[in-house]
Amino acid sequence: MANNNIITAENVRLYYGKHEALHGIDLDFPEKQITALIGPSGSGKSTFLRSLNRMNDLIPDVTVTGTIRLDGSDIYSPQTDTVELRKRVGMVFQQPNPFPFSVYENVTYGLRLAGVKDKKLLDQRVEESLKLAAVWDETKDHLKDNALSFSGGQQQRICIARVLAVKPEIILLDEPTSALDPVSSAKVEDSLLAIKNQYTIAIVTHNMQQASRISDRTAFFLNGKLIEVDNTANIFLNPKQQETSDYLNGKFG
Amino acid sequence: MNAKKADKIATAIIYILVGIVVLILVALLGFILISGLPHVTWSFLTSPASAFSAGGGIGDQLFNSFYLLILTLIISFPISLGAGIYLAEYAKKNWLTDAIRITIEVLSSLPSVVVGLFGFLLFVVQFKLGFSIISGAIALTFFNLPLLTRNIENSLNGVSNLQREAGLSLGLSRWKTVTKVVVPAALPGILTGIILSAGRVFGEAAALIFTAGQSAPMLNYANWNPLSGDSPLNIFRPAETLAVHIWKINTEGIMPDASQVSAGASAVLVVAVLIFNLGARFAGNYIYRKITASK
């Protein structure tokens with residue numbers, strides 16, 4: 001398993017101004033597996049996730065030290081093209097954020113702006129992506145409708161389809177179901193399980209059942225440190241660190 | 001006094017204040033329209049003004065107003081869009097951008113007479129453009145830029161950051177995220193701002209008296225060569241606009257029907273500005289529905 005890590009992070013420290021928010025994280029992401037990042041609010045798991053596709057670049061005064069490698073090349077090196085990086089590492093956010101355009105436009109936006117004009121290919125990619133995101137049945141007769149006219153859960157799956165359409169290698173999900181009801185959450189989980197043999201997935205979640213249901217590996221964050229990472233079953237059944245077991249058992253704060 | 005009573009009194013006061021505003025507006029509009037509209041006929045709208053005899057129209061002035069408006073927007077919109085995008089999307093918070101914002105504030109509170117005199121000294125005299133449409137359009141650009149820039153900046157700021165993150169996370173460059181995601185999402189607001197500023201430009205007189213001039217040379221509407229002297233499209237000819245015309249006939253008009261012409265021209269001006277305002281709402285909604293595919 002150690003050989004097929006697609007992302008390797010070494011001693012990652014992240015600063016908001018002078019304040020150190022991540023205190024040296026070492027974490028690897030094996031290819032075509034789901035890695036869940038769990039931990040209390042403010043533990044740095046979302047911050048760490050967002051440093052994997054350099055979304056933190058948008059925030060002024062953020063500096064990152066250490067190395068994060070994607071397929072062996074440092075994504076924070078000056079040669080890195082963040083546009084290319086984010087094409088390979090897609091992201092789904094906590095709040096569904098479809099563009100205020102039609103479903104069809106949402107799903108094809110990334111492709112069309114990358115220069116794809118072939119209508120047949122676009123149509124095919126729309127159907128394929130919406131099916132993979134388990135939202136095809138609800139949207140197939142309404143592709144020209146505004147994506148915002150759908151429910152929150154449907155919007156989130158449209159956002160997943162939008163990411164899938166550009167065929168990234170890795171998908172980062174930042175609490176994708178925390179704004180959704182249980183039925184919608186289950187559908188999102190189903191679609192993640194359906195795509196996991198094609199994509200490497202990293203998901204931040206507050207829902208520990210969700211982590212145990214869908215992930216292969218789980219990493220536990222606390223106060224900007226990575227406390228423990230292991231196969232999901234080991235983390236939940238035999239955590240090695242006291243803090244992990246306290247958190248999982250709700251003996252906290 | 002209990003809370004319920006206080007609430008009722010506050011509500012009543014607010015209604016009264018709103019009532020006063022509405023009353024003033026309705027009275028003004030009503031007066032202008034009632035005294036002006038009876039004089040508005042097709043020939044009034046299309047025939048040229050006459051200086052001494054009765055029966056002159058406002059055809060040339062009306063054309064000049066629209067032409068000047070279009071030229072002003074052609075010059076000021078791209079500049080405002082660029083500046084607005086810079087301020088909303090790229091500007092870091094530091095003393096330089098603060099200084100830019102303050103400058104824009106100051107510019108937007110300049111009296112239009114000052115803008116007009118500035119335009120007169122710089123464009124008409126110094127650059128030897130003379131009293132001309134182009135001098136007027138540039139002066140109006142100065143007048144229009146700050147408000148339009150602020151409007152565009154605000155419209156862009158109104159677009160949620162989630163949209164920017166969505167664009168970037170799909171592998172769009174920052175520029176494409178701005179032009180293909182943020183600007184389209186802000187388009188209804190931008191469009192409304194353009195049309196409202198068009199209403200302001202259309203009614204502006206003071207800045208134009210010294211720049212576009214107060215004379216309306218005879219125009220030949222069959223001559224569309226922009227370089228020819230009597231062509232309506234010539235941007236180097238002096239051009240009296242509707243608002244300037246109203247000002248002029250009220251100060252020095254000697255035609256026997258001056259007050260009727262003035263009333264009619266005022267009514268046309270007000271109706272045009274009203275149409276801009278209503279058009280702004282309609283066009284904004286229409287474009288929003290169009291690009292967002294919502295019903």
# chains A, B, ... in the order shown; residues from 1 in each chain; ligands from 1
call {"tool": "interface_residues", "arguments": {"of": "chain B", "to": "chain A", "cutoff": "12 Å", "atoms": "only C-alpha atoms", "output": "JSON, numbers by chain"}}
result
{"B": [89, 90, 91, 92, 93, 159, 160, 161, 162, 163, 164, 165, 166, 167, 168, 169, 170, 171, 172, 173, 174, 175, 176, 177, 179, 180, 181, 182, 183, 184, 185, 186, 187, 287, 288, 289, 290, 291, 292, 293, 294, 295]}
call {"tool": "residues_around", "arguments": {"residues": "Asn223 (chain A)", "least_positions_apart": "5", "cutoff": "7 Å", "atoms": "only C-alpha atoms", "output": "list in words"}}
result
Gly42, Ser43 and Gly44 of chain A
call {"tool": "write_last_selection", "arguments": {"atoms": "C-alpha atoms", "output": "CSV table (one decimal), in the first residue's frame"}}
result
chain,number,residue,atom,x,y,z
A,42,GLY,CA,-10.9,24.0,14.4
A,43,SER,CA,-8.7,20.9,14.4
A,44,GLY,CA,-7.2,21.9,11.0
call {"tool": "atom_distance", "arguments": {"atom1": "CA of Leu269 (chain B)", "atom2": "CA of Ile58 (chain B)"}}
result
10.8 Å
call {"tool": "residues_around", "arguments": {"residues": "region 231-238 of chain B", "least_positions_apart": "3", "cutoff": "12 Å", "atoms": "only C-alpha atoms", "output": "count of residues only"}}
result
48
call {"tool": "select_by_dssp", "arguments": {"residues": "region 78-163 of chain A", "states": "strand (DSSP E or B)", "output": "ChimeraX atom specification"}}
result
/A:89-92,102,146
call {"tool": "write_last_selection", "arguments": {"atoms": "N, CA and C atoms", "output": "short mmCIF file (atom, residue, chain, number, x, y, z; two decimals), in the first residue's frame"}}
result
data_model
loop_
_atom_site.label_atom_id
_atom_site.label_comp_id
_atom_site.auth_asym_id
_atom_site.auth_seq_id
_atom_site.Cartn_x
_atom_site.Cartn_y
_atom_site.Cartn_z
N VAL A 89 -6.89 17.98 -9.23
CA VAL A 89 -7.41 17.83 -7.87
C VAL A 89 -8.68 18.67 -7.75
N GLY A 90 -9.83 18.04 -7.93
CA GLY A 90 -11.09 18.77 -7.88
C GLY A 90 -11.59 18.89 -6.45
N MET A 91 -12.59 19.74 -6.25
CA MET A 91 -13.06 19.95 -4.89
C MET A 91 -14.57 20.16 -4.83
N VAL A 92 -15.18 19.60 -3.77
CA VAL A 92 -16.60 19.83 -3.49
C VAL A 92 -16.67 20.47 -2.11
N SER A 102 -27.87 26.87 -15.90
CA SER A 102 -28.61 25.62 -16.01
C SER A 102 -27.74 24.44 -15.57
N ASN A 146 -32.43 26.07 -14.12
CA ASN A 146 -31.40 26.63 -13.26
C ASN A 146 -31.05 25.63 -12.16
#
